[in-house]
Amino acid sequence: MADAEIIPIGTGGRPGRGSGSSRPSRASRTLAGGAAPAARQAPEPEPAPEIEVEHEVEHEVADDARPAATTEDRAPGPGITAAEWLSAFQTGATEVFGAEWEPQLARFLAFLRRRLTGEYAVDEYGFDQEVAEKLLLASLRPIAEKWFRIETRGVENLPAEGGALVVSNHSGTVPLDGLMTMFTVHEQTGRFLRPLGADLVFRLPVISSLARKGGATLACSEDAERMLSGGELVGVWPEGFKGIGKPFTERYKLQRFGRGGFVAAALRTGVPIVPLSVVGAEEIYPLVGNVPSLARLLGVPYVPITPLFPWLGPLGLVPLPSKWLLEFGEPIRTDEYDDGAADDPMLVFNVTDQVRETIQQSLYSLLVERSSVWR
Amino acid sequence: MSADSTGSRVVLVTGVSRDLGRRFARRLAAEPGVARVVGVDAVPPRDDIGDVSFVRADIRNPVIAKVLAKEDVDTVVHMSVIATPGSAGGRGTMKELNVIGTMQLLAACQKSASVRHMVVKSTSTVYGASSRDPAMFTEAMGPRREPSSGYAKDVAEIEGYVRGFARRRPDVRVTTLRLANVLGPHVTSPISSYFRLPVIPTVLGFDPRLQFVHETDLMRVLTHAVHSDVAGTFNVAGDGVMLLSQAVRRLRRPTVPLVSPAVGVVASVLKSARMADFSPEQLGFLTFGRGIDTTRMRIELGFEPTYTTEETFADFASTTGRSTTPLERVVDGLASSLPDPDTAGAVRG
C-alpha cells in the first residue's frame, strides 16, 4: 500500500500517468507547455478531411458517367457533418453493392416498395415469383452448393418449355429433397419446378402460405392436370410420407408409387414424365425411430428420432452434410397413347411401374458410383 | 325467346330491399327489351326504386304465386339469399328466408305457366374452404367437406332445390351464377366490412387466395343472364387472384395475426360491437382461401368482366381513405434521390 503512493514521485518531473487526481501535477504542466490543452482536441478534425478526400476519389472513379450525389441540402449533424455521413454511406454502399451501387440500391428500394404496398402479382395457385426467386431459392443456395454439394446430371432431359412431370424418389425425414430439386431445376434451367404437396402441407400454418408462395399446390388430379396443361414443370414425389418417413435401414428402397394418379394426369395432358433419382437425401436425418403414439396425437404421419434428434435439441435439426447426386433420366413420353389411356388402369399401373423401375435402377447405379456418403 | 326482341319481358326480382337488389332492379327496368320489373321483398326498399313496381310480399308464403300470375312474369331473378343473419334478425330467420323462401318461390314458379327464365344469384361459398381444396374450383366440383351449418349449407340446399326445379320444369331455362366476393365502393357485405376495419385480424400463418367481382360486373352479369339463352351453372369472378397479405398492404392497414380460435373470438366480439359481421364459413375462407375457374363463364355464358380482381380491389380501396405509411415515404424519399434503375441499366447496357 505504501509503495503505491511513492510511484508518481518516481516520474522524475515527466508528465506521468497521473496520481489519480484529475489535474496533472504542476511539474508535468510546465513540461507540456501552454499548447498542451489545445493539442488534445486538435488531432480530431484533422483526419476527417483526409478520409473524405480518399472517398471522393473512390467515388469519382466509381461513377464517372453519373452526376455526383449532392450534399448541400443536408443540414450538418451535431458532431459529424452530413458529408461525412454520406461518404461513409457511399463507401458502405460500394462495399455491399459494388461500383454499380446507385442503380442497385434504387432497384432494391423499388423491390421494397412493391413488397410494402402489395403491388406485385401472384398466379392462380398463389405463386409469388419474386419471393420464390429472391428469397426462398436464394436462401437455399449455400445449403445446396456448400453443405450438400449437389451434383446434377441429365439436365438436358428437362424440356426448355412446355409441361412436363418430374417424378422423384422421396427421402430424408424432412422434405429437403423437394426444396433442393426446386433449387437445382431453377439453377440449371431457369424454370420453376411447381411441387405437388400433401394436404398436410396446406393444413399447417406458415408452411402452407410459404408453400403456395413458393409455387406448390395440392397433390390432386385437378391441380396436377391444370398445371401441366398450363405448360408448367411440375414435380411430384409419389412415395409421399411412406418414402420420406421410412426407416434408415430401408434407404434407397422405393416404396409404393401412390395409386398412379400422377401417371394418369400426365397421360391426360400428354406431357413427358422425367424420372429423377436423388442420392444423398437419405443420410441427412437417418430415421432410426418413430413415436407413433405422439404422431397420432399431433396428427402428423410420424415423429422422427434420429441419432441427433431430439437428443441434441435444436442442434439435432442440422442435417448431416452428405454429398448429393441428382440424375434426371430420359423422359418417358405419354403423348403416343390413345385418348382414353388414362382411364385404362392396367396401362396406368404399367407406366407407373416403368417409372418406378427406372428410378430404382438409376439409384442403384448412382450408389455403386458413389465412393462415400460424405464425399 | 321471341319475347326478348319485342321488349315485353316482365321480370320479377326478389330481395330488392337490399342495396344491390334495388340497384339491379332499377338498372334492369331501364334496359331495352324489358317491359316491366317487379321488385319483391318482405320490407320496402329504403331508397328510390325508379321505374320498378314494388310489391310487398314475403316469399316465404304463397302470396308470391299470386304476384307471378297477376303480373304475368316470364323471368325470375332470385337475389334474396342473405349471407349473414345480421340484417334478418337471427340465424333462424336467415335460414327461413333463404331456404324456405326459395322453396316457396320455386313452388310458385313451378305452378306458373308464364315463367320461362330463372336466374339465381348464388355464391362461390358453396365450394367451402379447406386444406384439401384444389387451387381452382370448376363448376363440376363440389365442396371437399359438406357444410354442416350456416350460409354455406343454406346455399347448398338452395342450389339443390333449384336443380330439382330445373329437372321438373325442363321448359324453363335456369341459370345459376356462383359469384366470388362482390366488392365495390357501395357494397356492404361481410367481406367489405372486414376490409373496412381499422386493424385487420388475420389467421396466423395462412395467406388465403381471394377473388373479387366488381359490383358493376355483378349488375352486368345478371343482366347478361336475363337476356342470354344459356342454361347451367357458372362461376363468376374477376381475372386473377390476390393474397390477403397483398390486399391489406394495398389498403395500408395494419394487421393482427391471430391463431384461428382467437380469430373466432375476435369475430364474435366485432359482431356484437356491430363492426363486422363474421360468419363461420368466412373464417374458413380467410384461412384457406378459394379460387374459382371462370372458363365456362367466358366460353359458354359469353360474359367478360370489365374489372379484374386487382382492379376491383383498387376501386374499393380508393374509397377506404388509405394514406401512405411512414415507411413507404422513407423508401420513396430515398428512391427519388437515386437514378431510375431501368434507365440507368439501359444506358450501361
# chains A, B, ... in the order shown; residues from 1 in each chain; ligands from 1

call {"tool": "interface_residues", "arguments": {"of": "chain B", "to": "chain A", "cutoff": "9 Å", "atoms": "only C-alpha atoms", "output": "ChimeraX atom specification"}}
result
/B:130-137,203-209,240-243,245-252,288,291,327-328,331-332,334-342,344-345

call {"tool": "residues_around", "arguments": {"residues": "stretch 232-249 of chain A", "least_positions_apart": "4", "cutoff": "8 Å", "atoms": "only C-alpha atoms", "output": "PyMOL selection string"}}
result
chain A and resi 162-175+191-198+219+224+227-228+254-258+260+262+282-283+286-289+301-302+304

call {"tool": "atom_distance", "arguments": {"atom1": "atom CA of B:Thr216", "atom2": "atom CA of B:Gly128"}}
result
25.1 Å

call {"tool": "atom_distance", "arguments": {"atom1": "atom CA of B:Phe278", "atom2": "atom CA of B:His78"}}
result
23.7 Å

call {"tool": "closest_residue", "arguments": {"among": "B:Thr93, B:Asn235, B:Thr102, B:Thr320", "to": "B:Ser80", "atoms": "only C-alpha atoms"}}
result
B:Thr102

call {"tool": "closest_atom_pairs", "arguments": {"of": "stretch 95-146 of chain B", "to": "stretch 181-194 of chain B", "cutoff": "10 Å", "atoms": "only C-alpha atoms", "output": "Markdown table"}}
result
| residue | atom | partner | partner_atom | distance |
| --- | --- | --- | --- | --- |
| B:Thr123 | CA | B:Asn181 | CA | 7.8 |
| B:Ser124 | CA | B:Asn181 | CA | 7.9 |
| B:Thr125 | CA | B:Asn181 | CA | 8.9 |

call {"tool": "atom_distance", "arguments": {"atom1": "atom CA of B:Val162", "atom2": "atom CA of B:Ala113"}}
result
17.3 Å

call {"tool": "residues_around", "arguments": {"residues": "B:Leu20", "least_positions_apart": "4", "cutoff": "9 Å", "atoms": "only C-alpha atoms", "output": "mmCIF file with N, CA and C atoms, in the first residue's frame"}}
result
data_model
loop_
_atom_site.group_PDB
_atom_site.id
_atom_site.type_symbol
_atom_site.label_atom_id
_atom_site.label_comp_id
_atom_site.auth_asym_id
_atom_site.auth_seq_id
_atom_site.Cartn_x
_atom_site.Cartn_y
_atom_site.Cartn_z
ATOM 1 N N GLY B 15 -85.616 -9.754 -53.311
ATOM 2 C CA GLY B 15 -84.565 -9.145 -52.485
ATOM 3 C C GLY B 15 -84.227 -7.719 -52.875
ATOM 4 N N VAL B 16 -85.250 -6.903 -53.252
ATOM 5 C CA VAL B 16 -84.967 -5.531 -53.684
ATOM 6 C C VAL B 16 -84.809 -4.547 -52.532
ATOM 7 N N PHE B 24 -79.930 -3.301 -58.992
ATOM 8 C CA PHE B 24 -80.057 -4.164 -60.163
ATOM 9 C C PHE B 24 -81.445 -4.023 -60.788
ATOM 10 N N ALA B 25 -82.482 -3.994 -59.933
ATOM 11 C CA ALA B 25 -83.850 -3.877 -60.439
ATOM 12 C C ALA B 25 -84.024 -2.575 -61.222
ATOM 13 N N MET B 79 -82.538 -13.027 -55.966
ATOM 14 C CA MET B 79 -81.350 -12.420 -55.351
ATOM 15 C C MET B 79 -81.442 -12.357 -53.844
ATOM 16 N N HIS B 186 -69.857 0.806 -53.134
ATOM 17 C CA HIS B 186 -71.155 0.885 -52.454
ATOM 18 C C HIS B 186 -71.558 -0.398 -51.741
ATOM 19 N N VAL B 187 -70.730 -1.423 -51.826
ATOM 20 C CA VAL B 187 -71.158 -2.722 -51.307
ATOM 21 C C VAL B 187 -70.965 -2.799 -49.801
ATOM 22 N N GLU B 215 -68.953 -4.619 -58.297
ATOM 23 C CA GLU B 215 -70.421 -4.504 -58.231
ATOM 24 C C GLU B 215 -71.039 -4.219 -59.597
ATOM 25 N N LEU B 218 -71.307 -7.404 -61.340
ATOM 26 C CA LEU B 218 -72.435 -8.185 -60.823
ATOM 27 C C LEU B 218 -73.710 -7.779 -61.561
ATOM 28 N N MET B 219 -73.932 -6.470 -61.687
ATOM 29 C CA MET B 219 -75.110 -5.962 -62.407
ATOM 30 C C MET B 219 -75.079 -6.450 -63.858
#

call {"tool": "select_by_dssp", "arguments": {"residues": "stretch 97-135 of chain B", "states": "helix (DSSP H, G or I)", "output": "list in words"}}
result
Leu97, Asn98, Val99, Ile100, Gly101, Thr102, Met103, Gln104, Leu105, Leu106, Ala107, Ala108, Cys109, Gln110, Lys111, Ser124, Thr125, Val126 and Tyr127 of chain B

call {"tool": "residues_around", "arguments": {"residues": "A:Ser362", "least_positions_apart": "3", "cutoff": "12 Å", "atoms": "only C-alpha atoms", "output": "PDB file with C-alpha atoms, in the first residue's frame"}}
result
ATOM      1  CA  ARG A 153     -26.712 -34.989 -64.279  1.00  0.00           C
ATOM      2  CA  GLY A 154     -29.028 -35.208 -67.249  1.00  0.00           C
ATOM      3  CA  SER A 168     -38.664 -38.262 -57.942  1.00  0.00           C
ATOM      4  CA  ASN A 169     -37.884 -40.568 -55.055  1.00  0.00           C
ATOM      5  CA  TYR A 252     -32.873 -46.274 -51.304  1.00  0.00           C
ATOM      6  CA  LYS A 253     -35.674 -48.865 -51.455  1.00  0.00           C
ATOM      7  CA  LEU A 254     -38.529 -47.243 -53.299  1.00  0.00           C
ATOM      8  CA  PRO A 275     -37.721 -39.603 -63.745  1.00  0.00           C
ATOM      9  CA  LEU A 276     -35.413 -38.097 -61.149  1.00  0.00           C
ATOM     10  CA  SER A 277     -33.161 -40.065 -58.795  1.00  0.00           C
ATOM     11  CA  VAL A 278     -31.848 -38.271 -55.723  1.00  0.00           C
ATOM     12  CA  VAL A 279     -28.941 -39.838 -53.856  1.00  0.00           C
ATOM     13  CA  LEU A 325     -26.306 -36.587 -56.678  1.00  0.00           C
ATOM     14  CA  LEU A 326     -29.325 -35.683 -58.783  1.00  0.00           C
ATOM     15  CA  GLU A 327     -29.849 -37.574 -62.008  1.00  0.00           C
ATOM     16  CA  PHE A 328     -32.639 -36.660 -64.411  1.00  0.00           C
ATOM     17  CA  GLY A 329     -33.443 -39.703 -66.540  1.00  0.00           C
ATOM     18  CA  GLU A 330     -34.643 -39.861 -70.094  1.00  0.00           C
ATOM     19  CA  VAL A 355     -41.170 -45.017 -63.942  1.00  0.00           C
ATOM     20  CA  ARG A 356     -40.523 -46.674 -60.582  1.00  0.00           C
ATOM     21  CA  GLU A 357     -38.134 -49.231 -62.049  1.00  0.00           C
ATOM     22  CA  THR A 358     -36.220 -46.547 -63.945  1.00  0.00           C
ATOM     23  CA  ILE A 359     -35.687 -44.540 -60.779  1.00  0.00           C
ATOM     24  CA  SER A 365     -26.078 -47.341 -60.261  1.00  0.00           C
ATOM     25  CA  LEU A 366     -25.542 -43.963 -58.579  1.00  0.00           C
ATOM     26  CA  LEU A 367     -24.945 -45.735 -55.249  1.00  0.00           C
ATOM     27  CA  VAL A 368     -22.342 -48.012 -56.823  1.00  0.00           C
ATOM     28  CA  GLU A 369     -20.645 -44.976 -58.309  1.00  0.00           C
TER      29      GLU A 369
END

call {"tool": "closest_atom_pairs", "arguments": {"of": "stretch 211-247 of chain B", "to": "stretch 295-312 of chain B", "cutoff": "7 Å", "atoms": "only C-alpha atoms", "output": "Markdown table"}}
result
| residue | atom | partner | partner_atom | distance |
| --- | --- | --- | --- | --- |
| B:Gln211 | CA | B:Thr309 | CA | 5.7 |
| B:Phe212 | CA | B:Thr309 | CA | 4.9 |
| B:Val213 | CA | B:Thr309 | CA | 6.5 |
| B:His214 | CA | B:Thr312 | CA | 5.2 |
| B:Asp217 | CA | B:Pro305 | CA | 5.7 |
| B:Val221 | CA | B:Phe303 | CA | 6.8 |
| B:Val230 | CA | B:Leu301 | CA | 6.2 |
| B:Phe234 | CA | B:Met297 | CA | 5.6 |
| B:Asn235 | CA | B:Met297 | CA | 6.2 |
| B:Val236 | CA | B:Met297 | CA | 6.4 |
| B:Gly238 | CA | B:Thr308 | CA | 4.3 |
| B:Asp239 | CA | B:Thr308 | CA | 4.5 |
| B:Gly240 | CA | B:Thr309 | CA | 5.8 |
| B:Val241 | CA | B:Thr309 | CA | 6.3 |
| B:Met242 | CA | B:Glu310 | CA | 7.0 |

call {"tool": "write_last_selection", "arguments": {"atoms": "N, CA and C atoms", "output": "PDB file, in the first residue's frame"}}
result
ATOM      1  N   GLN B 211     -60.619 -13.800 -54.565  1.00  0.00           N
ATOM      2  CA  GLN B 211     -61.070 -13.320 -55.873  1.00  0.00           C
ATOM      3  C   GLN B 211     -62.240 -12.383 -55.641  1.00  0.00           C
ATOM      4  N   PHE B 212     -62.337 -11.352 -56.452  1.00  0.00           N
ATOM      5  CA  PHE B 212     -63.428 -10.396 -56.285  1.00  0.00           C
ATOM      6  C   PHE B 212     -64.149 -10.149 -57.603  1.00  0.00           C
ATOM      7  N   VAL B 213     -65.423  -9.785 -57.465  1.00  0.00           N
ATOM      8  CA  VAL B 213     -66.208  -9.320 -58.602  1.00  0.00           C
ATOM      9  C   VAL B 213     -66.610  -7.888 -58.298  1.00  0.00           C
ATOM     10  N   HIS B 214     -66.486  -7.017 -59.272  1.00  0.00           N
ATOM     11  CA  HIS B 214     -66.891  -5.637 -59.056  1.00  0.00           C
ATOM     12  C   HIS B 214     -68.412  -5.544 -59.090  1.00  0.00           C
ATOM     13  N   ASP B 217     -69.890  -5.304 -62.402  1.00  0.00           N
ATOM     14  CA  ASP B 217     -69.859  -6.580 -63.111  1.00  0.00           C
ATOM     15  C   ASP B 217     -70.966  -7.511 -62.627  1.00  0.00           C
ATOM     16  N   VAL B 221     -73.463  -9.027 -65.193  1.00  0.00           N
ATOM     17  CA  VAL B 221     -73.608 -10.466 -65.428  1.00  0.00           C
ATOM     18  C   VAL B 221     -75.051 -10.906 -65.198  1.00  0.00           C
ATOM     19  N   VAL B 230     -78.534 -19.138 -72.302  1.00  0.00           N
ATOM     20  CA  VAL B 230     -77.696 -20.237 -71.839  1.00  0.00           C
ATOM     21  C   VAL B 230     -78.149 -20.687 -70.458  1.00  0.00           C
ATOM     22  N   PHE B 234     -72.641 -21.279 -63.536  1.00  0.00           N
ATOM     23  CA  PHE B 234     -71.411 -20.601 -63.968  1.00  0.00           C
ATOM     24  C   PHE B 234     -70.744 -19.912 -62.793  1.00  0.00           C
ATOM     25  N   ASN B 235     -69.429 -20.081 -62.737  1.00  0.00           N
ATOM     26  CA  ASN B 235     -68.637 -19.315 -61.767  1.00  0.00           C
ATOM     27  C   ASN B 235     -68.421 -17.920 -62.336  1.00  0.00           C
ATOM     28  N   VAL B 236     -68.515 -16.918 -61.484  1.00  0.00           N
ATOM     29  CA  VAL B 236     -68.272 -15.547 -61.940  1.00  0.00           C
ATOM     30  C   VAL B 236     -67.262 -14.890 -61.003  1.00  0.00           C
ATOM     31  N   GLY B 238     -63.677 -11.901 -61.162  1.00  0.00           N
ATOM     32  CA  GLY B 238     -62.741 -11.099 -61.932  1.00  0.00           C
ATOM     33  C   GLY B 238     -61.479 -11.906 -62.192  1.00  0.00           C
ATOM     34  N   ASP B 239     -60.714 -11.508 -63.216  1.00  0.00           N
ATOM     35  CA  ASP B 239     -59.481 -12.217 -63.556  1.00  0.00           C
ATOM     36  C   ASP B 239     -58.475 -12.154 -62.422  1.00  0.00           C
ATOM     37  N   GLY B 240     -57.724 -13.223 -62.278  1.00  0.00           N
ATOM     38  CA  GLY B 240     -56.595 -13.219 -61.357  1.00  0.00           C
ATOM     39  C   GLY B 240     -57.000 -13.451 -59.917  1.00  0.00           C
ATOM     40  N   VAL B 241     -56.010 -13.696 -59.082  1.00  0.00           N
ATOM     41  CA  VAL B 241     -56.253 -13.853 -57.655  1.00  0.00           C
ATOM     42  C   VAL B 241     -55.330 -12.897 -56.898  1.00  0.00           C
ATOM     43  N   MET B 242     -55.705 -12.616 -55.675  1.00  0.00           N
ATOM     44  CA  MET B 242     -54.873 -11.804 -54.792  1.00  0.00           C
ATOM     45  C   MET B 242     -54.710 -12.558 -53.494  1.00  0.00           C
TER      46      MET B 242
END

call {"tool": "residues_around", "arguments": {"residues": "B:Val115", "least_positions_apart": "5", "cutoff": "6 Å", "atoms": "only C-alpha atoms", "output": "list in words"}}
result
Val73, Asp74 and Thr75 of chain B

call {"tool": "write_last_selection", "arguments": {"atoms": "N, CA and C atoms", "output": "short mmCIF file (atom, residue, chain, number, x, y, z; two decimals), in the first residue's frame"}}
result
data_model
loop_
_atom_site.label_atom_id
_atom_site.label_comp_id
_atom_site.auth_asym_id
_atom_site.auth_seq_id
_atom_site.Cartn_x
_atom_site.Cartn_y
_atom_site.Cartn_z
N VAL B 73 -95.44 -12.69 -65.08
CA VAL B 73 -93.97 -12.67 -65.05
C VAL B 73 -93.41 -13.80 -65.91
N ASP B 74 -92.42 -13.47 -66.77
CA ASP B 74 -91.77 -14.54 -67.54
C ASP B 74 -90.34 -14.83 -67.09
N THR B 75 -89.75 -13.89 -66.34
CA THR B 75 -88.38 -14.09 -65.88
C THR B 75 -88.30 -13.81 -64.39
#

call {"tool": "residues_around", "arguments": {"residues": "B:Ala35", "least_positions_apart": "5", "cutoff": "8 Å", "atoms": "only C-alpha atoms", "output": "list in words"}}
result
Gly7, Ser8, Arg9, Val10 and Ala29 of chain B

call {"tool": "select_by_dssp", "arguments": {"residues": "stretch 75-128 of chain B", "states": "strand (DSSP E)", "output": "list in words"}}
result
Thr75, Val76, Val77, His78, His117, Met118, Val119, Val120, Lys121, Ser122 and Thr123 of chain B
